[in-house]
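Quick look at data28.cif (mmCIF, C-alpha atoms):
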```
data_target
loop_
_atom_site.label_atom_id
_atom_site.label_comp_id
_atom_site.auth_asym_id
_atom_site.auth_seq_id
_atom_site.Cartn_x
_atom_site.Cartn_y
_atom_site.Cartn_z
CA MET Z 1 -13.94 71.64 43.64
CA LEU Z 2 -14.64 75.16 42.78
CA ALA Z 3 -16.96 73.76 40.22
CA ALA Z 4 -19.04 74.59 43.09
CA ILE Z 5 -18.27 78.19 43.66
CA ALA Z 6 -20.67 79.82 41.32
CA ILE Z 7 -23.01 78.34 38.85
CA GLY Z 8 -24.30 80.03 35.75
CA LEU Z 9 -28.00 80.46 36.32
CA ALA Z 10 -28.63 81.52 32.76
CA VAL Z 11 -27.88 78.28 30.95
CA SER Z 12 -30.34 77.95 28.10
CA ALA Z 13 -33.36 75.84 29.04
CA ALA Z 14 -32.77 73.89 25.86
CA VAL Z 15 -29.48 72.59 27.23
CA ALA Z 16 -30.02 69.82 29.75
CA ALA Z 17 -27.37 69.52 32.43
CA PRO Z 18 -25.95 66.00 32.66
CA PRO Z 19 -26.37 64.07 35.90
CA TYR Z 20 -23.01 64.79 37.51
CA PRO Z 21 -22.19 62.68 40.58
CA ILE Z 22 -22.71 64.72 43.72
CA THR Z 23 -22.39 62.35 46.65
CA PRO Z 24 -24.64 62.62 49.73
CA GLN Z 25 -21.52 63.24 51.84
CA GLN Z 26 -20.47 66.20 49.66
CA ARG Z 27 -23.96 67.69 49.77
CA SER Z 28 -24.14 67.20 53.53
CA THR Z 29 -20.79 68.98 53.96
CA ALA Z 30 -22.01 71.87 51.84
CA GLN Z 31 -25.22 72.21 53.81
CA GLN Z 32 -23.36 72.26 57.12
CA VAL Z 33 -20.80 74.83 56.01
CA ALA Z 34 -23.45 76.97 54.32
CA GLN Z 35 -24.82 77.91 57.72
CA ALA Z 36 -21.61 79.54 58.89
CA GLY Z 37 -19.24 79.90 55.93
CA VAL Z 38 -15.68 78.60 55.78
CA PRO Z 39 -13.03 79.24 58.46
CA LEU Z 40 -10.46 81.78 57.34
CA ALA Z 41 -7.78 79.19 58.13
CA GLU Z 42 -9.00 77.17 55.13
CA LEU Z 43 -8.55 80.06 52.70
CA ALA Z 44 -5.44 80.44 50.60
CA PRO Z 45 -3.20 83.26 51.89
CA ASN Z 46 -3.71 85.43 48.81
CA ALA Z 47 -7.36 84.59 48.10
CA PRO Z 48 -8.63 87.50 45.95
CA GLU Z 49 -11.55 89.68 47.06
CA ARG Z 50 -12.91 89.61 43.51
CA TYR Z 51 -12.07 87.36 40.62
CA THR Z 52 -13.43 87.40 37.07
CA VAL Z 53 -13.49 83.99 35.44
CA LYS Z 54 -11.53 83.93 32.19
CA ARG Z 55 -11.46 81.60 29.22
CA GLY Z 56 -8.64 79.13 29.71
CA ASP Z 57 -9.27 78.86 33.45
CA THR Z 58 -9.86 75.44 34.93
CA LEU Z 59 -11.95 74.75 37.99
CA TRP Z 60 -8.91 73.36 39.77
CA ASP Z 61 -6.92 76.55 39.12
CA ILE Z 62 -9.67 78.77 40.46
CA SER Z 63 -10.30 76.57 43.47
CA ALA Z 64 -6.60 76.80 44.32
CA LEU Z 65 -6.96 80.59 44.40
CA TYR Z 66 -9.34 80.32 47.33
CA LEU Z 67 -8.51 77.14 49.24
CA LYS Z 68 -5.29 75.78 50.67
CA ARG Z 69 -6.58 72.32 49.81
CA PRO Z 70 -8.38 72.69 46.48
CA TRP Z 71 -9.93 69.22 46.57
CA ARG Z 72 -12.11 70.27 49.50
CA TRP Z 73 -14.46 71.98 47.10
CA PRO Z 74 -17.70 71.00 48.92
CA GLU Z 75 -16.74 73.42 51.69
CA LEU Z 76 -16.40 76.22 49.18
CA TRP Z 77 -19.63 75.17 47.54
CA GLY Z 78 -21.36 75.38 50.91
CA MET Z 79 -20.28 79.01 51.20
CA ASN Z 80 -22.99 79.94 48.74
CA LEU Z 81 -25.36 77.01 48.62
CA GLN Z 82 -28.46 79.09 47.90
CA GLN Z 83 -27.06 80.44 44.63
CA ILE Z 84 -25.93 77.08 43.30
CA ARG Z 85 -28.11 75.05 40.97
CA ASN Z 86 -25.48 72.81 39.39
CA PRO Z 87 -22.06 72.69 41.12
CA HIS Z 88 -20.24 71.75 37.92
CA LEU Z 89 -20.93 74.80 35.78
CA ILE Z 90 -18.97 78.03 35.99
CA TYR Z 91 -18.64 80.42 33.07
CA PRO Z 92 -16.19 83.00 31.73
CA GLY Z 93 -17.27 86.50 32.66
CA GLN Z 94 -18.75 85.62 36.05
CA VAL Z 95 -17.35 87.61 38.98
CA LEU Z 96 -16.67 85.91 42.31
CA VAL Z 97 -16.75 88.05 45.45
CA LEU Z 98 -15.14 86.96 48.74
CA THR Z 99 -16.57 88.44 51.95
CA ARG Z 100 -14.93 87.94 55.38
CA VAL Z 101 -17.10 88.15 58.49
CA GLY Z 102 -15.26 87.55 61.76
CA ASP Z 103 -13.31 84.32 61.45
CA ARG Z 104 -15.46 83.07 58.55
CA ALA Z 105 -15.65 83.73 54.85
CA VAL Z 106 -18.45 83.64 52.29
CA LEU Z 107 -18.08 83.48 48.51
CA GLN Z 108 -20.84 84.80 46.25
CA LEU Z 109 -21.52 85.80 42.70
CA ALA Z 110 -21.41 89.54 42.08
CA SER Z 111 -24.71 89.17 40.25
CA ASP Z 112 -27.25 86.47 39.55
CA GLU Z 113 -27.36 87.63 35.96
CA PRO Z 114 -25.25 85.91 33.29
CA PRO Z 115 -22.44 87.87 31.58
CA THR Z 116 -23.78 90.35 29.03
CA LEU Z 117 -22.47 89.80 25.51
CA LYS Z 118 -22.85 92.41 22.80
CA LEU Z 119 -23.49 90.71 19.46
CA SER Z 120 -23.08 92.08 15.97
CA PRO Z 121 -24.07 90.51 12.63
CA ARG Z 122 -21.30 88.18 11.47
CA VAL Z 123 -20.62 84.52 10.90
CA ARG Z 124 -19.81 82.69 14.13
CA ALA Z 125 -18.55 79.17 14.76
CA GLU Z 126 -19.10 77.87 18.26
CA ARG Z 127 -18.56 74.58 20.00
CA ILE Z 128 -21.72 72.66 20.82
CA ASP Z 129 -21.42 72.71 24.59
CA ASP Z 130 -22.68 74.79 27.49
CA GLY Z 131 -19.62 77.07 27.58
CA GLY Z 132 -18.63 76.10 31.10
CA ILE Z 133 -14.92 75.93 31.89
CA PRO Z 134 -13.40 72.45 32.34
CA ALA Z 135 -12.29 70.88 35.60
CA LEU Z 136 -8.91 69.85 34.13
CA PRO Z 137 -6.92 71.04 31.07
CA PRO Z 138 -8.69 69.17 28.22
CA GLY Z 139 -5.64 68.91 25.99
CA ALA Z 140 -3.65 67.12 28.68
CA ILE Z 141 -6.06 64.23 29.15
CA GLU Z 142 -8.06 63.93 25.89
CA PRO Z 143 -5.75 61.32 24.29
CA PHE Z 144 -5.99 59.12 27.37
CA LEU Z 145 -9.79 59.19 27.38
CA THR Z 146 -10.23 57.80 23.86
CA ASP Z 147 -6.87 56.47 22.61
CA VAL Z 148 -5.62 54.32 25.50
CA GLU Z 149 -6.85 50.92 26.58
CA VAL Z 150 -5.48 48.66 29.30
CA VAL Z 151 -6.15 44.95 28.82
CA ASP Z 152 -5.02 41.79 30.57
CA GLU Z 153 -2.56 39.36 29.01
CA GLN Z 154 -5.24 37.04 27.68
CA ALA Z 155 -7.16 39.84 25.96
CA HIS Z 156 -3.91 41.15 24.50
CA GLN Z 157 -2.93 37.76 23.09
CA ARG Z 158 -6.40 37.08 21.65
CA ALA Z 159 -6.84 40.51 20.04
CA PRO Z 160 -7.15 40.30 16.22
CA ARG Z 161 -4.14 41.61 14.32
CA ILE Z 162 -3.41 43.06 10.89
CA VAL Z 163 -1.55 40.40 8.91
CA ALA Z 164 -1.23 41.75 5.37
CA GLY Z 165 -1.56 44.84 3.21
CA PRO Z 166 -2.00 45.50 -0.50
CA GLU Z 167 0.99 44.74 -2.74
CA ALA Z 168 2.89 43.24 0.20
CA ARG Z 169 3.20 46.68 1.86
CA VAL Z 170 4.06 46.76 5.56
CA LEU Z 171 3.13 50.42 6.23
CA LEU Z 172 -0.46 51.53 5.63
CA GLY Z 173 -2.48 54.73 5.93
CA PRO Z 174 -5.99 56.18 5.60
CA GLY Z 175 -7.82 54.87 2.55
CA ASP Z 176 -5.79 51.65 2.39
CA ARG Z 177 -7.38 48.22 2.56
CA ALA Z 178 -5.80 45.67 4.88
CA TYR Z 179 -6.39 42.11 5.99
CA ALA Z 180 -6.74 40.96 9.57
CA ARG Z 181 -6.92 37.71 11.47
CA GLY Z 182 -8.74 36.91 14.69
CA GLN Z 183 -8.92 33.54 16.39
CA VAL Z 184 -10.06 31.44 13.45
CA GLY Z 185 -7.83 28.76 11.97
CA PRO Z 186 -7.96 26.71 8.75
CA SER Z 187 -9.01 23.61 10.68
CA ALA Z 188 -11.13 25.25 13.38
CA ALA Z 189 -14.63 26.61 13.51
CA LEU Z 190 -15.24 30.32 13.87
CA SER Z 191 -14.81 31.37 17.50
CA GLY Z 192 -16.33 34.23 19.43
CA ASP Z 193 -13.20 36.30 18.80
CA ALA Z 194 -13.40 35.98 15.04
CA LEU Z 195 -13.77 39.15 13.00
CA GLU Z 196 -17.37 39.01 11.79
CA ALA Z 197 -18.88 41.88 9.82
CA SER Z 198 -22.49 42.99 10.20
CA ARG Z 199 -24.67 44.15 7.34
CA GLU Z 200 -27.03 46.01 9.64
CA ARG Z 201 -24.42 48.10 11.43
CA PRO Z 202 -20.85 48.84 10.29
CA ARG Z 203 -18.35 47.52 12.80
CA LEU Z 204 -15.66 50.00 13.77
CA LEU Z 205 -12.36 48.95 15.31
CA ALA Z 206 -9.51 50.82 16.96
CA ILE Z 207 -6.02 50.05 15.68
CA TYR Z 208 -3.54 49.65 18.53
CA ARG Z 209 0.21 49.33 18.50
CA ASN Z 210 1.39 46.16 20.26
CA ALA Z 211 0.69 46.74 23.93
CA THR Z 212 3.33 47.63 26.51
CA ALA Z 213 3.43 45.74 29.81
CA LEU Z 214 2.80 47.88 32.89
CA LYS Z 215 4.86 46.42 35.73
CA ASP Z 216 4.67 47.11 39.43
CA PRO Z 217 7.89 48.95 40.44
CA GLU Z 218 8.35 46.79 43.56
CA THR Z 219 7.14 43.31 42.59
CA SER Z 220 7.66 43.47 38.79
CA GLU Z 221 4.21 41.91 38.48
CA VAL Z 222 2.46 42.73 35.18
CA LEU Z 223 -0.61 44.80 36.07
CA GLY Z 224 -1.92 45.04 32.52
CA TYR Z 225 -0.97 45.88 28.97
CA GLU Z 226 -1.26 49.47 27.76
CA ALA Z 227 -2.34 49.78 24.14
CA MET Z 228 -2.11 53.16 22.38
CA ALA Z 229 -4.50 53.73 19.47
CA VAL Z 230 -2.89 54.81 16.21
CA GLY Z 231 -6.01 54.84 14.05
CA ARG Z 232 -9.50 53.59 13.27
CA ALA Z 233 -10.71 50.96 10.80
CA GLN Z 234 -13.99 49.56 9.51
CA LEU Z 235 -14.61 45.86 9.10
CA VAL Z 236 -15.72 45.19 5.53
CA ARG Z 237 -15.77 41.39 5.24
CA SER Z 238 -15.66 38.64 7.84
CA GLU Z 239 -12.82 36.16 8.12
CA ARG Z 240 -13.69 32.58 7.29
CA ASN Z 241 -12.36 29.14 6.54
CA GLY Z 242 -11.95 28.48 2.84
CA GLU Z 243 -10.30 26.17 0.40
CA GLY Z 244 -7.02 26.86 -1.38
CA PRO Z 245 -6.20 26.23 -5.06
CA ASP Z 246 -4.83 22.83 -4.11
CA GLY Z 247 -8.05 21.88 -2.40
CA GLN Z 248 -6.53 22.10 1.07
CA PRO Z 249 -8.16 24.09 3.90
CA ALA Z 250 -7.09 27.72 3.85
CA LEU Z 251 -7.82 30.74 5.99
CA VAL Z 252 -9.42 33.77 4.33
CA PRO Z 253 -8.61 36.79 6.56
CA ALA Z 254 -11.07 39.55 7.29
CA THR Z 255 -11.01 42.71 5.17
CA VAL Z 256 -10.74 46.10 6.85
CA ASP Z 257 -10.56 49.62 5.48
CA ILE Z 258 -8.34 52.07 7.37
CA LEU Z 259 -10.32 55.24 8.08
CA THR Z 260 -7.90 57.37 10.11
CA ALA Z 261 -4.31 57.07 11.27
CA ARG Z 262 -2.10 59.35 13.38
CA GLU Z 263 0.94 57.43 12.20
CA GLU Z 264 1.61 54.59 9.80
CA VAL Z 265 -0.34 51.43 10.51
CA ARG Z 266 1.95 48.41 10.59
CA ILE Z 267 1.61 44.70 10.02
CA GLY Z 268 1.10 43.16 13.45
CA ASP Z 269 -0.91 46.04 14.91
CA ARG Z 270 -3.84 44.86 17.02
CA LEU Z 271 -7.56 45.55 16.67
CA LEU Z 272 -9.82 46.22 19.66
CA PRO Z 273 -13.27 47.75 20.12
CA PRO Z 274 -13.08 51.56 20.21
CA THR Z 275 -12.82 53.06 23.68
CA ALA Z 276 -16.12 54.57 24.77
CA ARG Z 277 -15.85 58.24 25.66
CA GLU Z 278 -16.12 58.58 29.41
CA SER Z 279 -17.78 61.32 31.43
CA ARG Z 280 -15.64 64.41 31.90
CA ALA Z 281 -17.33 65.36 35.16
CA TYR Z 282 -14.50 65.21 37.66
CA VAL Z 283 -15.49 65.67 41.29
CA PRO Z 284 -12.21 66.20 43.18
CA HIS Z 285 -12.20 64.53 46.58
CA ALA Z 286 -9.85 62.72 48.90
CA PRO Z 287 -10.15 58.91 49.10
CA GLY Z 288 -12.37 57.72 51.91
CA GLN Z 289 -9.87 55.02 52.93
CA PRO Z 290 -6.07 54.91 53.22
CA VAL Z 291 -4.40 54.64 49.81
CA GLN Z 292 -0.76 54.24 48.92
CA GLY Z 293 1.10 53.06 45.85
CA GLN Z 294 3.74 53.93 43.29
CA ILE Z 295 4.15 55.49 39.86
CA VAL Z 296 4.36 52.82 37.15
CA LYS Z 297 4.98 54.97 34.09
CA VAL Z 298 5.57 58.56 33.05
CA HIS Z 299 4.06 59.37 29.67
CA GLY Z 300 6.03 61.08 26.94
CA ASP Z 301 8.73 60.18 24.46
CA ALA Z 302 12.07 59.75 26.23
CA VAL Z 303 10.63 61.50 29.29
CA ARG Z 304 12.03 60.42 32.64
CA PHE Z 305 10.45 63.02 34.90
CA ALA Z 306 6.85 64.24 34.82
CA GLY Z 307 6.01 67.87 35.45
CA GLN Z 308 2.79 69.82 35.85
CA ASN Z 309 -0.07 68.80 33.52
CA GLN Z 310 1.64 65.55 32.57
CA VAL Z 311 0.07 62.11 32.88
CA VAL Z 312 1.36 59.26 35.04
CA VAL Z 313 0.19 55.66 35.52
CA LEU Z 314 -0.43 54.34 39.05
CA ASN Z 315 -0.11 50.77 40.30
CA ARG Z 316 -3.54 50.99 41.92
CA GLY Z 317 -6.97 50.85 40.28
CA ARG Z 318 -10.63 50.08 40.85
CA GLU Z 319 -9.78 46.87 42.70
CA HIS Z 320 -7.93 49.00 45.28
CA GLY Z 321 -10.73 51.55 45.71
CA LEU Z 322 -9.41 54.26 43.39
CA GLU Z 323 -12.05 56.22 41.51
CA VAL Z 324 -12.22 59.13 39.09
CA GLY Z 325 -11.71 62.42 40.94
CA HIS Z 326 -9.52 61.08 43.73
CA VAL Z 327 -6.81 63.58 44.67
CA LEU Z 328 -3.53 62.03 45.83
CA ALA Z 329 -0.34 63.45 47.30
CA LEU Z 330 2.95 62.70 45.54
CA LEU Z 331 6.02 61.85 47.57
CA LYS Z 332 9.62 61.87 46.44
CA ALA Z 333 11.34 58.50 46.41
CA ARG Z 334 13.18 57.66 49.61
CA THR Z 335 16.92 57.88 49.09
CA GLN Z 336 19.78 56.14 50.84
CA VAL Z 337 22.84 58.20 51.71
CA THR Z 338 26.04 57.74 53.70
CA ASP Z 339 26.61 59.82 56.81
CA LYS Z 340 30.06 61.24 56.06
CA THR Z 341 30.12 63.07 59.38
CA ASP Z 342 30.42 59.74 61.20
CA ASP Z 343 33.70 57.82 60.96
CA ALA Z 344 31.69 54.58 60.86
CA ARG Z 345 29.98 55.83 57.69
CA PRO Z 346 26.51 54.46 58.55
CA SER Z 347 23.83 54.25 55.87
CA LEU Z 348 20.88 56.61 56.28
CA LEU Z 349 17.44 56.40 54.65
CA LEU Z 350 16.02 59.85 53.93
CA PRO Z 351 12.20 60.01 54.07
CA GLY Z 352 10.17 60.76 50.96
CA GLU Z 353 8.98 64.35 51.26
CA ARG Z 354 5.72 65.60 49.79
CA ASN Z 355 6.22 66.72 46.23
CA GLY Z 356 2.81 67.73 44.85
CA LEU Z 357 -0.75 66.70 44.01
CA MET Z 358 -2.38 64.73 41.23
CA MET Z 359 -5.95 63.80 40.30
CA VAL Z 360 -7.16 60.46 38.97
CA PHE Z 361 -9.13 60.89 35.73
CA ARG Z 362 -9.39 57.32 34.43
CA THR Z 363 -9.36 53.95 36.17
CA PHE Z 364 -8.93 50.32 35.17
CA ASP Z 365 -9.02 47.19 37.34
CA ARG Z 366 -5.40 47.31 38.52
CA VAL Z 367 -4.02 50.63 37.23
CA ALA Z 368 -5.19 54.23 36.97
CA TYR Z 369 -4.23 57.38 35.08
CA ALA Z 370 -3.68 60.66 36.93
CA LEU Z 371 -2.83 64.22 35.94
CA VAL Z 372 -0.10 66.03 37.90
CA LEU Z 373 -1.68 69.31 39.06
CA GLN Z 374 0.86 70.76 41.48
CA ILE Z 375 4.51 69.80 41.66
CA THR Z 376 7.68 70.94 43.39
CA ASP Z 377 10.14 68.64 41.67
CA GLY Z 378 9.91 66.09 38.86
CA VAL Z 379 7.96 62.83 39.32
CA GLN Z 380 9.57 59.58 38.23
CA ILE Z 381 8.84 55.86 38.14
CA GLY Z 382 8.85 54.41 41.65
CA ASP Z 383 7.77 57.63 43.39
CA ARG Z 384 5.07 56.97 45.97
CA PHE Z 385 1.63 58.46 46.47
CA VAL Z 386 -0.65 58.59 49.53
CA ASN Z 387 -3.83 60.30 50.73
CA PRO Z 388 -3.60 64.08 50.49
#
```
How does this structure look as structure tokens?
Amino acid sequence: MLAAIAIGLAVSAAVAAPPYPITPQQRSTAQQVAQAGVPLAELAPNAPERYTVKRGDTLWDISALYLKRPWRWPELWGMNLQQIRNPHLIYPGQVLVLTRVGDRAVLQLASDEPPTLKLSPRVRAERIDDGGIPALPPGAIEPFLTDVEVVDEQAHQRAPRIVAGPEARVLLGPGDRAYARGQVGPSAALSGDALEASRERPRLLAIYRNATALKDPETSEVLGYEAMAVGRAQLVRSERNGEGPDGQPALVPATVDILTAREEVRIGDRLLPPTARESRAYVPHAPGQPVQGQIVKVHGDAVRFAGQNQVVVLNRGREHGLEVGHVLALLKARTQVTDKTDDARPSLLLPGERNGLMMVFRTFDRVAYALVLQITDGVQIGDRFVNP
């Protein structure tokens, strides 16, 4: 992507750039194009001669200013290979200059120097990052990076669950103590799925609402169960087998303290390990093999159609070759109509026309999450996607 256009050469030496995944194929493309620039036919019709990067820009937005097909960022990167040190860093204040020579174009930084900032004595609060603009709108995908987990049916059924609260309450919140049960029974030994606390290291758990089945639109096959995190808890005491007042075997549930909650925690909510934060380095590229599938789910309360910067679930995942950064074309669902101009009233199947683009930002075995980046009309369950 344009992450490649211009890289800030003045990043502090104290800040180490993470190892973003630049594939040999992408680097080879850049090296080839660097020798001659990019054909004018690949440029967007209104590609600006100069553009100053602003806060709030995303790399996808800027790439779309210059290329008809924004995911072909290695070609734009190759336009200025000598200036680039890390193709994933571009900063507010940098000026991009487009030069046309014959039937080719070259994109360069107006200066190798970083933007000059005039400072004055005052208290400042800054985020601890390198200041580079993101590839995708952070607010649109953040919840799906840390608060969503897709598990298979067995993992869903075996996940520990909250079974009781203080004073017989059924709704709980931060600061409340609750009791949870894993896979231990009053007449069974502790299993590997039991909730066991550790003295050396506090065990944190994510609290998930009962998972929703994700079904393939065509086959109705369950592809996985989507669990949405509603809070976090800490395991205080392990569950165990005990003895009741009557001397009979009794189960003593685990004790958990609720640390955070976006909404009320309920009896029956499940507990799973917290989702590890994944890399946010998205390298937009077309799949290397033919891909096609359908939309499984559109996210949002009572939302039927997805628009720009909304998240959809796909019925393809890692098992089908999908990976983070894949750009896919959206197609409208094929519709069946009656030809009223023919007395025989034959049935016609209208083809699904191209409707927009989306980028995969998280993958699981059989499903993936994608952000709608460009759209002509709304996207709904059952709509198809193919290579761009």
Residue IDs satisfying the PyMOL selection byres ((chain Z and resi 265-279) around 6), as a PDB file with C-alpha atoms, in the coordinates of the input:
```
ATOM      1  CA  THR Z 146     -10.230  57.800  23.860  1.00  0.00           C
ATOM      2  CA  PRO Z 160      -7.150  40.300  16.220  1.00  0.00           C
ATOM      3  CA  ARG Z 161      -4.140  41.610  14.320  1.00  0.00           C
ATOM      4  CA  ILE Z 162      -3.410  43.060  10.890  1.00  0.00           C
ATOM      5  CA  VAL Z 163      -1.550  40.400   8.910  1.00  0.00           C
ATOM      6  CA  VAL Z 170       4.060  46.760   5.560  1.00  0.00           C
ATOM      7  CA  LEU Z 171       3.130  50.420   6.230  1.00  0.00           C
ATOM      8  CA  LEU Z 172      -0.460  51.530   5.630  1.00  0.00           C
ATOM      9  CA  LEU Z 205     -12.360  48.950  15.310  1.00  0.00           C
ATOM     10  CA  ALA Z 206      -9.510  50.820  16.960  1.00  0.00           C
ATOM     11  CA  ILE Z 207      -6.020  50.050  15.680  1.00  0.00           C
ATOM     12  CA  TYR Z 208      -3.540  49.650  18.530  1.00  0.00           C
ATOM     13  CA  ARG Z 209       0.210  49.330  18.500  1.00  0.00           C
ATOM     14  CA  ASN Z 210       1.390  46.160  20.260  1.00  0.00           C
ATOM     15  CA  GLU Z 264       1.610  54.590   9.800  1.00  0.00           C
ATOM     16  CA  ARG Z 280     -15.640  64.410  31.900  1.00  0.00           C
ATOM     17  CA  ALA Z 281     -17.330  65.360  35.160  1.00  0.00           C
TER      18      ALA Z 281
END
```
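The spacing separating CA of Pro45 (chain Z) from CA of Asp383 (chain Z) amounts to 29.1 Å.
For the choices Z:Pro346, Z:Pro217, Z:Gly247, Z:Gly231, the atom-to-atom distance to Gly293 (chain Z) is smallest for Z:Pro217 when using only C-alpha atoms.
Of the listed residues Z:Glu42, Z:Gln157, Z:Asp343, Z:Tyr51, the one whose atoms come nearest to Tyr225 (chain Z) is Z:Gln157, with distances taken using all atoms listed in the file.
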I need the residue nearest Thr255 (chain Z) from this list: Z:Ala164, Z:Arg232, Z:Thr335, Z:Val222. Use all atoms listed in the file for the distance.
Z:Ala164
What are the closest atom pairs, with distances in Å to one decimal, for each residue of region 34-62 of chain Z lying within 7 Å of region 87-111 of chain Z, using all atoms listed in the file, rows by chain and rising residue number, as a Markdown table?
```
| residue | atom | partner | partner_atom | distance |
| --- | --- | --- | --- | --- |
| Z:Gly37 | CA | Z:Val106 | CA | 5.3 |
| Z:Val38 | CA | Z:Ala105 | CA | 5.2 |
| Z:Pro39 | CA | Z:Arg104 | CA | 4.5 |
| Z:Leu40 | CA | Z:Arg104 | CA | 5.3 |
| Z:Glu49 | CA | Z:Leu98 | CA | 4.8 |
| Z:Arg50 | CA | Z:Val97 | CA | 4.6 |
| Z:Tyr51 | CA | Z:Leu96 | CA | 5.1 |
| Z:Thr52 | CA | Z:Val95 | CA | 4.4 |
| Z:Val53 | CA | Z:Pro92 | CA | 4.7 |
| Z:Lys54 | CA | Z:Pro92 | CA | 4.8 |
| Z:Arg55 | CA | Z:Pro92 | CA | 5.5 |
```
Can those selected residues be exported to a file as a short mmCIF file (atom, residue, chain, number, x, y, z; two decimals), in the frame of the given file so that it contains C-alpha atoms?
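New file out_25.cif:
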```
data_model
loop_
_atom_site.label_atom_id
_atom_site.label_comp_id
_atom_site.auth_asym_id
_atom_site.auth_seq_id
_atom_site.Cartn_x
_atom_site.Cartn_y
_atom_site.Cartn_z
CA GLY Z 37 -19.24 79.90 55.93
CA VAL Z 38 -15.68 78.60 55.78
CA PRO Z 39 -13.03 79.24 58.46
CA LEU Z 40 -10.46 81.78 57.34
CA GLU Z 49 -11.55 89.68 47.06
CA ARG Z 50 -12.91 89.61 43.51
CA TYR Z 51 -12.07 87.36 40.62
CA THR Z 52 -13.43 87.40 37.07
CA VAL Z 53 -13.49 83.99 35.44
CA LYS Z 54 -11.53 83.93 32.19
CA ARG Z 55 -11.46 81.60 29.22
#
```
Exactly which residues make up the result of the PyMOL selection byres ((chain Z and resi 142) around 12) on this file, given as number ranges by chain?
Z: 134, 136-141, 143-148, 277-280, 310-311, 361-362, 369, 371
Pull C-alpha atoms from the residues just selected and write them as a PDB file, in the frame of the given file.
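For reference, part-v3.pdb as written:
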```pdb
ATOM      1  CA  PRO Z 134     -13.400  72.450  32.340  1.00  0.00           C
ATOM      2  CA  LEU Z 136      -8.910  69.850  34.130  1.00  0.00           C
ATOM      3  CA  PRO Z 137      -6.920  71.040  31.070  1.00  0.00           C
ATOM      4  CA  PRO Z 138      -8.690  69.170  28.220  1.00  0.00           C
ATOM      5  CA  GLY Z 139      -5.640  68.910  25.990  1.00  0.00           C
ATOM      6  CA  ALA Z 140      -3.650  67.120  28.680  1.00  0.00           C
ATOM      7  CA  ILE Z 141      -6.060  64.230  29.150  1.00  0.00           C
ATOM      8  CA  PRO Z 143      -5.750  61.320  24.290  1.00  0.00           C
ATOM      9  CA  PHE Z 144      -5.990  59.120  27.370  1.00  0.00           C
ATOM     10  CA  LEU Z 145      -9.790  59.190  27.380  1.00  0.00           C
ATOM     11  CA  THR Z 146     -10.230  57.800  23.860  1.00  0.00           C
ATOM     12  CA  ASP Z 147      -6.870  56.470  22.610  1.00  0.00           C
ATOM     13  CA  VAL Z 148      -5.620  54.320  25.500  1.00  0.00           C
ATOM     14  CA  ARG Z 277     -15.850  58.240  25.660  1.00  0.00           C
ATOM     15  CA  GLU Z 278     -16.120  58.580  29.410  1.00  0.00           C
ATOM     16  CA  SER Z 279     -17.780  61.320  31.430  1.00  0.00           C
ATOM     17  CA  ARG Z 280     -15.640  64.410  31.900  1.00  0.00           C
ATOM     18  CA  GLN Z 310       1.640  65.550  32.570  1.00  0.00           C
ATOM     19  CA  VAL Z 311       0.070  62.110  32.880  1.00  0.00           C
ATOM     20  CA  PHE Z 361      -9.130  60.890  35.730  1.00  0.00           C
ATOM     21  CA  ARG Z 362      -9.390  57.320  34.430  1.00  0.00           C
ATOM     22  CA  TYR Z 369      -4.230  57.380  35.080  1.00  0.00           C
ATOM     23  CA  LEU Z 371      -2.830  64.220  35.940  1.00  0.00           C
TER      24      LEU Z 371
END
```
Using all atoms listed in the file - which residues lie no farther than 6 Å from the point (-1.8, 52.8, 36.0) in the file's frame? Write them as a PyMOL selection string.
chain Z and resi 313-315+367-369
Using the chain letters and numbers from the file, give me the residues hit by the PyMOL selection byres ((chain Z and resi 331) around 9), as a PDB file with C-alpha atoms, keeping the file's coordinate frame.
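Result saved to selection-v9.pdb:
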```
ATOM      1  CA  ALA Z 329      -0.340  63.450  47.300  1.00  0.00           C
ATOM      2  CA  LEU Z 330       2.950  62.700  45.540  1.00  0.00           C
ATOM      3  CA  LYS Z 332       9.620  61.870  46.440  1.00  0.00           C
ATOM      4  CA  ALA Z 333      11.340  58.500  46.410  1.00  0.00           C
ATOM      5  CA  ARG Z 334      13.180  57.660  49.610  1.00  0.00           C
ATOM      6  CA  GLY Z 352      10.170  60.760  50.960  1.00  0.00           C
ATOM      7  CA  GLU Z 353       8.980  64.350  51.260  1.00  0.00           C
ATOM      8  CA  ARG Z 354       5.720  65.600  49.790  1.00  0.00           C
ATOM      9  CA  ASN Z 355       6.220  66.720  46.230  1.00  0.00           C
ATOM     10  CA  GLY Z 356       2.810  67.730  44.850  1.00  0.00           C
ATOM     11  CA  VAL Z 379       7.960  62.830  39.320  1.00  0.00           C
ATOM     12  CA  ASP Z 383       7.770  57.630  43.390  1.00  0.00           C
ATOM     13  CA  ARG Z 384       5.070  56.970  45.970  1.00  0.00           C
ATOM     14  CA  PHE Z 385       1.630  58.460  46.470  1.00  0.00           C
ATOM     15  CA  VAL Z 386      -0.650  58.590  49.530  1.00  0.00           C
TER      16      VAL Z 386
END
```
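One finds CA of Val298 (chain Z) at 19.2 Å from CA of Val230 (chain Z).
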Just how far from CA of Lys215 (chain Z) is CA of Gly317 (chain Z), in Å to one decimal?
13.4 Å
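Of the listed residues Z:Gly173, Z:Gly182, Z:Gly224, Z:Gly382, the one whose atoms come nearest to Val150 (chain Z) is Z:Gly224, with distances taken using all atoms listed in the file.
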List the neighbours of Val312 (chain Z) out to 8 Å using all atoms listed in the file; skip same-chain residues closer than 5 positions along the sequence, and give me the result as a ChimeraX atom specification.
/Z:295-299,306,369-372
